[in-house]
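Take a look at the structure set out below.
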Amino acid sequence: NLLVVIGGTTEEYQHMDGLIDEVRFYNRVLSECEIQALYTGKDKCKSNNLLVELANFTATPTQNGISLDWETTSELDTAGFFIWRGTPLADGKCTKDHSNYKDIMQLSFDNARGNLSSGATYYRTDSSVKSGTSYCYLLEDVEFDGDRQFHWNFIDSATAE
């Protein structure tokens with residue numbers, strides 16, 4: 001038999017003065033990160049606070065525009081994704097430097113469908129492109145608490161047919 005005493009000790013059932021704010025029972029040991037998340041109210045237990053692990057993000061020209069496809073391996077507290085498009089200047093390369101672009105615009109918002117144990121696959125077509133023009137695409141994930149993250153390592157380009 002297991003004896004659980006809240007607000008006192010098991011030695012002769014001595015009671016403590018004071019109030020108990022919150023009690024939780026878990027059927028497993030919590031990690032240090034999970035305990036910290038409960039204390040701070042921020043549930044960010046992924047490495048480097050990455051709430052989305054992105055597997056890939058590609059921009060591919062098609063007859064109808066540019067197909068944008070991405071896949072996540074996990075998503076934690078993710079509301080959804082914005083896709084950003086810019087037309088690169090000069091050499092046509094995609095960079096992190098905002099001054100390298102003209103016509104930067106937010107294209108769409110896609111609701112998140114993945115979770116912590118399994119991600120999801122997403123598809124979107126940018127049909128508002130001009131033939132022969134090169135575009136750079138960037139994915140941004142948005143968390144329920146308002147935090148945002150750009151996935152610069154996966155920036156991709158395509159030239160419209």
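All residue names refer to the structure tokens as shown: chains lettered A, B, ... in order, residues numbered from 1 in each chain, ligands numbered from 1 in order.
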
As an MDAnalysis selection string, list the residues of range 37-110 of chain A assigned to helix (DSSP H, G or I) by DSSP on the backbone atoms of this structure. chainID A and resid 37:40 47:49 98:100

Write the residues of the preceding selection, restricted to C-alpha atoms, as a compact mmCIF listing (two decimals), in the first residue's frame.
```
# COMPACT_ATOMS: atom_id res chain seq x y z
CA ALA A 37 8.23 24.49 -18.45
CA LEU A 38 5.64 23.94 -15.69
CA TYR A 39 7.38 26.54 -13.53
CA THR A 40 7.69 29.20 -16.26
CA SER A 47 16.54 21.64 -28.26
CA ASN A 48 17.28 25.31 -28.88
CA ASN A 49 13.59 26.06 -28.34
CA HIS A 98 16.26 41.57 -46.58
CA SER A 99 17.87 44.25 -48.75
CA ASN A 100 18.57 41.51 -51.35
```

Long-range neighbours of Thr72 in chain A as a PyMOL selection string, 6 Å cut-off, only C-alpha atoms, 5 positions minimum in chain: chain A and resi 53-55+119-120

Near range 150-153 of chain A, within 10 Å and counting only C-alpha atoms, which residues show up once chain neighbours fewer than 4 positions away are dropped, as a PyMOL selection string? chain A and resi 52-54+56-57+81-84+94-96+137-142

Mind checking which residues fall within 9 Å of Arg113 in chain A, counting only C-alpha atoms, ignoring those fewer than 6 positions away in the same chain, and posting them as a tab-separated table (two decimals) with C-alpha atoms, in the first residue's frame?
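Output file selection_39.tsv follows:
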```
chain	number	residue	atom	x	y	z
A	75	GLU	CA	5.49	20.11	-34.07
A	78	THR	CA	2.40	25.14	-33.42
A	79	ALA	CA	-0.55	27.16	-34.70
A	80	GLY	CA	0.55	27.10	-38.31
A	119	GLY	CA	4.87	15.83	-38.04
A	120	ALA	CA	2.83	16.42	-41.17
A	121	THR	CA	3.16	17.05	-44.90
A	122	TYR	CA	1.93	20.31	-46.45
```

Considering only C-alpha atoms, return as number ranges by chain whatever protein or nucleic-acid residues lie within 12 Å of Thr159 in chain A, sequence-local ones (same chain, fewer than 5 positions apart) excluded. A: 59-63, 65-67, 86-88, 92-93, 126, 129-137

Can you work out the spacing between CA of Ser74 in chain A and CA of Ser117 in chain A in Å, to one decimal?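 It comes out at 5.9 Å.
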
Where does DSSP see strand (DSSP E) in range 66-101 of chain A, if you list the residues as a ChimeraX atom specification? /A:66-75,78-88,101
